[in-house]
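Next comes target15.cif, a file with mmCIF, C-alpha atoms and all ligand atoms.
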```
data_structure
#
loop_
_atom_site.group_PDB
_atom_site.id
_atom_site.type_symbol
_atom_site.label_atom_id
_atom_site.label_comp_id
_atom_site.auth_asym_id
_atom_site.auth_seq_id
_atom_site.Cartn_x
_atom_site.Cartn_y
_atom_site.Cartn_z
ATOM 1 C CA MET A 1 -128.347 142.467 -172.288
ATOM 2 C CA GLU A 2 -126.935 142.908 -175.762
ATOM 3 C CA HIS A 3 -125.818 146.377 -174.859
ATOM 4 C CA LEU A 4 -123.978 145.176 -171.692
ATOM 5 C CA SER A 5 -122.168 142.251 -173.326
ATOM 6 C CA SER A 6 -120.826 144.442 -176.139
ATOM 7 C CA SER A 7 -119.127 146.935 -173.765
ATOM 8 C CA PRO A 8 -116.023 144.864 -172.780
ATOM 9 C CA ALA A 9 -115.375 144.047 -176.441
ATOM 10 C CA LYS A 10 -115.490 147.735 -177.254
ATOM 11 C CA ALA A 11 -113.128 148.482 -174.359
ATOM 12 C CA ARG A 12 -110.626 145.855 -175.576
ATOM 13 C CA ARG A 13 -110.683 147.314 -179.083
ATOM 14 C CA HIS A 14 -110.034 150.723 -177.594
ATOM 15 C CA PHE A 15 -106.671 149.593 -176.063
ATOM 16 C CA ARG A 16 -105.375 147.726 -179.104
ATOM 17 C CA LEU A 17 -102.056 149.172 -180.380
ATOM 18 C CA PRO A 18 -102.286 150.106 -184.086
ATOM 19 C CA VAL A 19 -100.288 147.670 -186.217
ATOM 20 C CA TRP A 20 -98.015 150.399 -187.567
ATOM 21 C CA LEU A 21 -96.955 151.265 -183.980
ATOM 22 C CA TRP A 22 -95.598 147.778 -183.233
ATOM 23 C CA PRO A 23 -92.232 148.236 -185.045
ATOM 24 C CA ILE A 24 -91.786 151.600 -183.329
ATOM 25 C CA ALA A 25 -92.555 150.081 -179.909
ATOM 26 C CA LEU A 26 -90.114 147.250 -180.602
ATOM 27 C CA VAL A 27 -87.348 149.659 -181.623
ATOM 28 C CA MET A 28 -87.982 151.728 -178.474
ATOM 29 C CA ILE A 29 -87.816 148.685 -176.175
ATOM 30 C CA VAL A 30 -84.613 147.310 -177.761
ATOM 31 C CA GLY A 31 -83.124 150.840 -177.881
ATOM 32 C CA TYR A 32 -83.826 151.224 -174.180
ATOM 33 C CA GLY A 33 -82.043 147.893 -173.484
ATOM 34 C CA TRP A 34 -79.164 148.894 -175.734
ATOM 35 C CA TRP A 35 -78.733 152.212 -173.864
ATOM 36 C CA TRP A 36 -78.469 150.421 -170.496
ATOM 37 C CA ASN A 37 -76.105 147.905 -172.062
ATOM 38 C CA VAL A 38 -73.704 150.535 -173.449
ATOM 39 C CA HIS A 39 -73.865 153.189 -170.768
ATOM 40 C CA ARG A 40 -74.579 151.198 -167.638
ATOM 41 C CA SER A 41 -72.964 147.868 -168.585
ATOM 42 C CA ILE A 42 -76.097 145.788 -168.012
ATOM 43 C CA PRO A 43 -76.463 142.862 -170.454
ATOM 44 C CA LEU A 44 -79.252 143.418 -172.978
ATOM 45 C CA SER A 45 -81.107 140.329 -171.723
ATOM 46 C CA GLU A 46 -81.136 141.738 -168.175
ATOM 47 C CA ALA A 47 -82.020 145.292 -169.202
ATOM 48 C CA LEU A 48 -85.148 143.885 -170.899
ATOM 49 C CA SER A 49 -86.028 141.502 -168.056
ATOM 50 C CA PRO A 50 -88.631 142.555 -165.459
ATOM 51 C CA VAL A 51 -87.105 139.914 -163.104
ATOM 52 C CA TYR A 52 -83.740 141.763 -163.173
ATOM 53 C CA TRP A 53 -85.369 145.109 -162.348
ATOM 54 C CA TYR A 54 -87.375 143.520 -159.536
ATOM 55 C CA LYS A 55 -84.163 142.000 -158.075
ATOM 56 C CA ARG A 56 -82.436 145.360 -158.480
ATOM 57 C CA PHE A 57 -85.361 147.079 -156.717
ATOM 58 C CA LEU A 58 -84.881 144.634 -153.810
ATOM 59 C CA GLY A 59 -81.093 145.239 -153.832
ATOM 60 C CA GLU A 60 -80.333 141.595 -154.741
ATOM 61 C CA ASP A 61 -78.507 142.365 -157.992
ATOM 62 C CA LEU A 62 -75.127 143.150 -156.357
ATOM 63 C CA TYR A 63 -74.294 140.007 -154.365
ATOM 64 C CA ASP A 64 -75.735 136.508 -154.087
ATOM 65 C CA PRO A 65 -75.290 135.429 -150.455
ATOM 66 C CA HIS A 66 -76.323 131.825 -151.160
ATOM 67 C CA TYR A 67 -73.593 131.031 -153.695
ATOM 68 C CA ARG A 68 -71.325 133.924 -152.606
ATOM 69 C CA ILE A 69 -71.130 135.691 -156.015
ATOM 70 C CA LEU A 70 -70.232 139.367 -156.432
ATOM 71 C CA TYR A 71 -71.968 140.835 -159.500
ATOM 72 C CA HIS A 72 -71.563 144.565 -158.933
ATOM 73 C CA GLY A 73 -70.240 147.015 -156.330
ATOM 74 C CA ASN A 74 -72.256 149.537 -154.335
ATOM 75 C CA ARG A 75 -74.079 151.896 -156.715
ATOM 76 C CA ALA A 76 -74.129 154.656 -154.084
ATOM 77 C CA LEU A 77 -70.313 154.863 -153.890
ATOM 78 C CA HIS A 78 -68.094 156.518 -156.493
ATOM 79 C CA GLU A 79 -65.715 153.559 -156.650
ATOM 80 C CA VAL A 80 -64.612 150.901 -159.138
ATOM 81 C CA ALA A 81 -62.596 147.686 -158.926
ATOM 82 C CA LEU A 82 -59.955 147.022 -161.537
ATOM 83 C CA THR A 83 -59.512 143.292 -162.188
ATOM 84 C CA ILE A 84 -56.749 141.905 -164.395
ATOM 85 C CA ASP A 85 -56.988 138.268 -165.516
ATOM 86 C CA ASP A 86 -54.879 135.419 -166.878
ATOM 87 C CA GLY A 87 -51.398 136.486 -165.745
ATOM 88 C CA PRO A 88 -48.742 136.856 -164.771
ATOM 89 C CA HIS A 89 -47.146 137.214 -168.216
ATOM 90 C CA PRO A 90 -43.540 138.394 -167.876
ATOM 91 C CA GLN A 91 -43.780 140.541 -171.052
ATOM 92 C CA TYR A 92 -46.550 142.834 -169.799
ATOM 93 C CA CYS A 93 -47.237 142.277 -166.095
ATOM 94 C CA PRO A 94 -44.231 144.349 -164.862
ATOM 95 C CA SER A 95 -45.462 147.319 -166.950
ATOM 96 C CA LEU A 96 -49.002 146.976 -165.573
ATOM 97 C CA LEU A 97 -47.637 146.874 -162.025
ATOM 98 C CA ALA A 98 -45.485 149.966 -162.696
ATOM 99 C CA ILE A 99 -48.540 151.864 -164.015
ATOM 100 C CA LEU A 100 -50.609 150.954 -160.925
ATOM 101 C CA ARG A 101 -47.700 152.043 -158.709
ATOM 102 C CA HIS A 102 -47.354 155.324 -160.609
ATOM 103 C CA TYR A 103 -51.019 156.237 -160.024
ATOM 104 C CA HIS A 104 -51.081 154.814 -156.459
ATOM 105 C CA VAL A 105 -54.033 152.557 -157.238
ATOM 106 C CA HIS A 106 -54.575 148.886 -156.461
ATOM 107 C CA ALA A 107 -56.042 146.166 -158.666
ATOM 108 C CA THR A 108 -57.155 142.581 -158.150
ATOM 109 C CA PHE A 109 -55.190 140.081 -160.267
ATOM 110 C CA PHE A 110 -56.840 136.741 -161.048
ATOM 111 C CA VAL A 111 -53.807 134.568 -161.685
ATOM 112 C CA VAL A 112 -53.468 131.265 -163.528
ATOM 113 C CA GLY A 113 -51.489 128.603 -161.647
ATOM 114 C CA GLN A 114 -49.309 127.524 -164.560
ATOM 115 C CA ARG A 115 -48.162 131.099 -165.153
ATOM 116 C CA MET A 116 -47.723 131.786 -161.456
ATOM 117 C CA LYS A 117 -45.309 128.824 -161.218
ATOM 118 C CA GLN A 118 -43.225 130.304 -164.074
ATOM 119 C CA CYS A 119 -43.106 133.832 -162.591
ATOM 120 C CA PRO A 120 -43.610 133.569 -158.819
ATOM 121 C CA TYR A 121 -41.685 136.820 -158.308
ATOM 122 C CA LEU A 122 -44.427 138.743 -160.170
ATOM 123 C CA VAL A 123 -47.096 137.407 -157.815
ATOM 124 C CA GLN A 124 -44.929 138.488 -154.882
ATOM 125 C CA ASP A 125 -44.605 141.945 -156.491
ATOM 126 C CA MET A 126 -48.404 142.184 -156.850
ATOM 127 C CA LEU A 127 -48.850 141.626 -153.127
ATOM 128 C CA ALA A 128 -45.881 143.811 -152.129
ATOM 129 C CA ASP A 129 -47.518 146.726 -153.980
ATOM 130 C CA GLY A 130 -50.790 146.242 -152.058
ATOM 131 C CA ASN A 131 -52.736 144.577 -154.867
ATOM 132 C CA GLU A 132 -55.092 141.678 -154.246
ATOM 133 C CA VAL A 133 -54.522 138.283 -155.863
ATOM 134 C CA GLY A 134 -57.426 135.975 -156.703
ATOM 135 C CA ASN A 135 -57.686 132.419 -157.972
ATOM 136 C CA HIS A 136 -58.190 131.833 -161.727
ATOM 137 C CA THR A 137 -57.481 128.055 -161.529
ATOM 138 C CA VAL A 138 -54.332 126.098 -162.416
ATOM 139 C CA ASP A 139 -54.898 125.466 -166.142
ATOM 140 C CA HIS A 140 -57.616 127.950 -167.179
ATOM 141 C CA ILE A 141 -60.001 125.205 -168.298
ATOM 142 C CA ARG A 142 -63.749 125.883 -168.311
ATOM 143 C CA LEU A 143 -64.772 124.366 -164.973
ATOM 144 C CA VAL A 144 -68.236 123.310 -166.203
ATOM 145 C CA THR A 145 -66.530 120.747 -168.471
ATOM 146 C CA LEU A 146 -64.721 118.989 -165.573
ATOM 147 C CA ASN A 147 -65.852 116.498 -162.961
ATOM 148 C CA ASN A 148 -66.111 117.518 -159.305
ATOM 149 C CA GLU A 149 -62.704 116.175 -158.297
ATOM 150 C CA GLU A 150 -61.003 117.959 -161.198
ATOM 151 C CA ILE A 151 -62.751 121.218 -160.352
ATOM 152 C CA TRP A 152 -61.642 120.883 -156.746
ATOM 153 C CA HIS A 153 -58.008 120.367 -157.820
ATOM 154 C CA GLU A 154 -58.050 123.187 -160.395
ATOM 155 C CA ILE A 155 -58.991 125.620 -157.635
ATOM 156 C CA ASN A 156 -57.340 124.209 -154.537
ATOM 157 C CA ASP A 157 -53.971 123.270 -156.083
ATOM 158 C CA ASN A 158 -53.616 126.862 -157.294
ATOM 159 C CA ASP A 159 -54.093 128.070 -153.736
ATOM 160 C CA ILE A 160 -51.569 125.555 -152.370
ATOM 161 C CA ASN A 161 -48.922 126.895 -154.778
ATOM 162 C CA PHE A 162 -49.897 130.480 -153.971
ATOM 163 C CA TYR A 163 -49.429 129.730 -150.272
ATOM 164 C CA ARG A 164 -45.982 128.224 -150.939
ATOM 165 C CA ILE A 165 -44.944 131.370 -152.847
ATOM 166 C CA THR A 166 -46.504 134.052 -150.647
ATOM 167 C CA GLY A 167 -47.519 132.572 -147.281
ATOM 168 C CA HIS A 168 -51.097 133.753 -147.955
ATOM 169 C CA HIS A 169 -54.324 132.117 -149.094
ATOM 170 C CA MET A 170 -56.629 133.281 -151.871
ATOM 171 C CA THR A 171 -60.166 134.235 -150.872
ATOM 172 C CA VAL A 172 -61.700 135.450 -154.141
ATOM 173 C CA MET A 173 -61.869 133.541 -157.418
ATOM 174 C CA ARG A 174 -63.052 133.994 -160.981
ATOM 175 C CA PRO A 175 -63.877 130.845 -162.977
ATOM 176 C CA PRO A 176 -62.257 130.909 -166.465
ATOM 177 C CA GLY A 177 -64.639 132.590 -168.889
ATOM 178 C CA VAL A 178 -66.814 133.377 -165.819
ATOM 179 C CA ASP A 179 -68.405 130.098 -166.822
ATOM 180 C CA TYR A 180 -70.068 128.349 -163.878
ATOM 181 C CA ASN A 181 -73.093 126.315 -162.864
ATOM 182 C CA PRO A 182 -74.546 125.230 -159.501
ATOM 183 C CA ARG A 183 -72.098 122.274 -159.350
ATOM 184 C CA VAL A 184 -69.075 124.605 -159.714
ATOM 185 C CA LEU A 185 -70.544 127.090 -157.251
ATOM 186 C CA LYS A 186 -71.119 124.396 -154.643
ATOM 187 C CA ILE A 187 -67.387 123.597 -154.725
ATOM 188 C CA THR A 188 -66.213 127.242 -154.707
ATOM 189 C CA LYS A 189 -68.454 127.801 -151.691
ATOM 190 C CA GLU A 190 -67.127 124.700 -149.911
ATOM 191 C CA LEU A 191 -63.591 125.982 -150.479
ATOM 192 C CA GLY A 192 -64.579 129.333 -148.949
ATOM 193 C CA TYR A 193 -64.336 131.572 -152.022
ATOM 194 C CA VAL A 194 -66.324 134.555 -153.198
ATOM 195 C CA VAL A 195 -66.848 134.230 -156.964
ATOM 196 C CA VAL A 196 -66.283 137.510 -158.794
ATOM 197 C CA SER A 197 -68.124 138.427 -161.990
ATOM 198 C CA TRP A 198 -67.481 141.611 -163.994
ATOM 199 C CA THR A 199 -69.489 144.505 -165.370
ATOM 200 C CA CYS A 200 -67.198 146.264 -167.918
ATOM 201 C CA ALA A 201 -65.010 144.222 -170.244
ATOM 202 C CA ALA A 202 -62.704 145.646 -172.896
ATOM 203 C CA LYS A 203 -62.704 142.475 -174.993
ATOM 204 C CA ASP A 204 -58.924 142.865 -174.859
ATOM 205 C CA TYR A 205 -58.491 139.089 -175.159
ATOM 206 C CA ASP A 206 -59.024 139.734 -178.886
ATOM 207 C CA GLU A 207 -56.737 142.093 -180.716
ATOM 208 C CA GLN A 208 -58.202 145.525 -180.043
ATOM 209 C CA THR A 209 -56.724 148.974 -180.386
ATOM 210 C CA PRO A 210 -55.946 150.917 -177.195
ATOM 211 C CA ASP A 211 -58.586 153.482 -178.278
ATOM 212 C CA PHE A 212 -61.231 150.746 -178.446
ATOM 213 C CA ILE A 213 -60.284 149.443 -174.979
ATOM 214 C CA VAL A 214 -60.265 152.912 -173.398
ATOM 215 C CA ASN A 215 -63.549 154.026 -174.972
ATOM 216 C CA ARG A 216 -65.345 150.784 -174.208
ATOM 217 C CA ILE A 217 -64.367 150.870 -170.515
ATOM 218 C CA LEU A 218 -65.027 154.595 -170.027
ATOM 219 C CA ASP A 219 -68.430 154.369 -171.762
ATOM 220 C CA ARG A 220 -69.546 151.587 -169.460
ATOM 221 C CA THR A 221 -68.054 152.574 -166.101
ATOM 222 C CA GLU A 222 -70.421 153.674 -163.357
ATOM 223 C CA ASN A 223 -70.464 153.575 -159.538
ATOM 224 C CA GLY A 224 -69.567 150.047 -158.403
ATOM 225 C CA SER A 225 -68.250 148.808 -161.750
ATOM 226 C CA ILE A 226 -65.985 145.775 -161.870
ATOM 227 C CA ILE A 227 -63.638 146.406 -164.800
ATOM 228 C CA LEU A 228 -62.113 143.380 -166.547
ATOM 229 C CA LEU A 229 -58.764 143.602 -168.371
ATOM 230 C CA HIS A 230 -56.166 140.991 -169.326
ATOM 231 C CA ASP A 231 -52.439 141.029 -168.730
ATOM 232 C CA ASP A 232 -51.243 139.475 -172.008
ATOM 233 C CA ARG A 233 -51.753 142.332 -174.492
ATOM 234 C CA PRO A 234 -49.505 145.292 -175.342
ATOM 235 C CA GLU A 235 -52.653 147.304 -176.201
ATOM 236 C CA THR A 236 -53.882 146.918 -172.618
ATOM 237 C CA VAL A 237 -50.572 148.305 -171.340
ATOM 238 C CA VAL A 238 -51.111 151.403 -173.502
ATOM 239 C CA ALA A 239 -54.779 151.700 -172.507
ATOM 240 C CA LEU A 240 -54.391 151.248 -168.727
ATOM 241 C CA PRO A 241 -52.843 154.659 -167.850
ATOM 242 C CA ARG A 242 -55.466 156.395 -169.985
ATOM 243 C CA ILE A 243 -58.285 154.507 -168.219
ATOM 244 C CA ILE A 244 -56.911 155.166 -164.729
ATOM 245 C CA SER A 245 -56.171 158.865 -165.290
ATOM 246 C CA ALA A 246 -59.619 159.476 -166.854
ATOM 247 C CA LEU A 247 -61.430 157.733 -163.987
ATOM 248 C CA LEU A 248 -59.329 159.552 -161.375
ATOM 249 C CA ARG A 249 -60.239 162.857 -163.072
ATOM 250 C CA GLN A 250 -63.898 161.818 -162.771
ATOM 251 C CA GLY A 251 -63.322 161.357 -159.036
ATOM 252 C CA TYR A 252 -63.532 157.557 -158.872
ATOM 253 C CA HIS A 253 -61.758 155.645 -156.101
ATOM 254 C CA PHE A 254 -60.087 152.365 -157.015
ATOM 255 C CA VAL A 255 -60.798 149.530 -154.596
ATOM 256 C CA THR A 256 -59.835 145.882 -154.389
ATOM 257 C CA ILE A 257 -62.552 143.231 -154.510
ATOM 258 C CA ALA A 258 -62.257 142.679 -150.728
ATOM 259 C CA GLN A 259 -62.835 146.426 -150.193
ATOM 260 C CA MET A 260 -65.725 146.457 -152.682
ATOM 261 C CA LEU A 261 -67.371 143.569 -150.773
ATOM 262 C CA ALA A 262 -66.899 145.407 -147.467
ATOM 263 C CA HIS A 263 -68.533 148.524 -148.981
ATOM 264 C CA LEU A 264 -71.734 146.772 -150.141
ATOM 265 C CA PRO A 265 -75.037 147.981 -148.625
ATOM 266 C CA HIS A 266 -74.973 144.677 -146.684
ATOM 267 C CA PRO A 267 -71.186 144.399 -146.158
ATOM 268 C CA VAL A 268 -69.421 141.095 -146.824
ATOM 269 C CA ILE A 269 -66.177 140.909 -144.861
ATOM 270 C CA ILE A 270 -63.465 138.580 -146.165
ATOM 271 C CA GLN A 271 -59.827 138.156 -145.235
ATOM 272 C CA SER A 272 -57.843 139.739 -148.063
ATOM 273 C CA ASN A 273 -54.405 138.242 -148.816
HETATM 274 ZN ZN ZN A 301 -59.308 134.077 -167.913
#
```
Represent the supplied structure as structure tokens.
Ligand SMILES: [Zn+2]
Amino acid sequence: MEHLSSSPAKARRHFRLPVWLWPIALVMIVGYGWWWNVHRSIPLSEALSPVYWYKRFLGEDLYDPHYRILYHGNRALHEVALTIDDGPHPQYCPSLLAILRHYHVHATFFVVGQRMKQCPYLVQDMLADGNEVGNHTVDHIRLVTLNNEEIWHEINDNDINFYRITGHHMTVMRPPGVDYNPRVLKITKELGYVVVSWTCAAKDYDEQTPDFIVNRILDRTENGSIILLHDDRPETVVALPRIISALLRQGYHFVTIAQMLAHLPHPVIIQSN
């Protein structure tokens, strides 16, 4: 009996990791997360989460059909979506539009209502060039800090003004700061929007050099990436042609968010504006 009861204890001791290996194991696990974060634009917390990898295995990491959220494009297609937020700013937006025109690529602009009212002609130019325009609220306030009625107005009033200017409605939206909760998502869904997240950000809302912006985006771009840039920085204007030409050389196709949704493994068809 003594002999039998001692066996499991021996077996447990056999599998115990030596203490000196723990720091090495920790460095390897965090290093693995860091690699996915830098080269495949997956947040560190997700790269280290078994739940994320299980969802990815099931194919549920690209789009949430319940709340209608796009997280990532199709990983089997060599395509990316360029999204440009917070405009239109008259200092830089015309240059960004000229660059897109020059390379014959389309982007999705998430416009702020207050700016759109000041420069409606730029929003018309975006559409005339074949770009997509999405809703980034009237005042660019974090929606989670507002009550339901305020959230509803922040989103819907922007669309009413957009319709007055262009004769079209917006069908995709990005909450300011991509900051949302179930309460916000319930309203965006009621209003018929697809909420659009991002996968590669240049942090160009801070002052960054064009080199930093270009390298950060190119390091993190993969099939189905949603690239996030802003339209209020001269550095972004310098970086954009370098990003587009490098990705075109790598064979990437540029798609709008509506096209990216239609290209998902389980396609989501929306009316683009
Ligand atoms: Zn924004």
Spatial neighbours of segment 32-37 of chain A, 9 Å, all atoms listed in the file, chain gap at least 4 places, as a CSV table (one decimal) with C-alpha atoms, keeping the file's coordinate frame:
```csv
chain,number,residue,atom,x,y,z
A,27,VAL,CA,-87.3,149.7,-181.6
A,28,MET,CA,-88.0,151.7,-178.5
A,41,SER,CA,-73.0,147.9,-168.6
A,42,ILE,CA,-76.1,145.8,-168.0
A,43,PRO,CA,-76.5,142.9,-170.5
A,44,LEU,CA,-79.3,143.4,-173.0
A,45,SER,CA,-81.1,140.3,-171.7
A,46,GLU,CA,-81.1,141.7,-168.2
A,47,ALA,CA,-82.0,145.3,-169.2
A,48,LEU,CA,-85.1,143.9,-170.9
A,220,ARG,CA,-69.5,151.6,-169.5
```
Close residues to ligand ZN 301 (chain A) using only C-alpha atoms and all ligand atoms, limit 9 Å, as a PyMOL selection string: chain A and resi 84-87+110-112+136-137+140-141+174-178+205+230
Long-range neighbours of segment 98-101 of chain A as a ChimeraX atom specification, 12 Å cut-off, only C-alpha atoms, 3 positions minimum in chain: /A:82-84,92-95,104-109,122,125-131,236-245,254
Selection near segment 55-62 of chain A, 9 Å with all atoms listed in the file, sequence-local residues under 5 positions removed, as a count of residues only: 10
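Comparing A:Thr256, A:Leu191, A:Gln114, A:Ile270 by their smallest distance to Glu132 of chain A, the closest is A:Thr256 (using all atoms listed in the file).
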As JSON, please: the centre and edge lengths in Å, to one decimal, of an axis-aligned box enclosing every listed atom of segment 79-84 of chain A with 6 Å added on each side.
```
{"center_x": -61.2, "center_y": 147.7, "center_z": -160.5, "size_x": 21.0, "size_y": 23.7, "size_z": 19.7}
```
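Put simply, atom CA of Leu77 of chain A is 6.6 Å away from atom CA of Gly224 of chain A.
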Selected residue of minimal separation from Val80 of chain A among A:Thr188, A:Gln250, A:Asn181, A:Asn147, counting all atoms listed in the file: A:Gln250
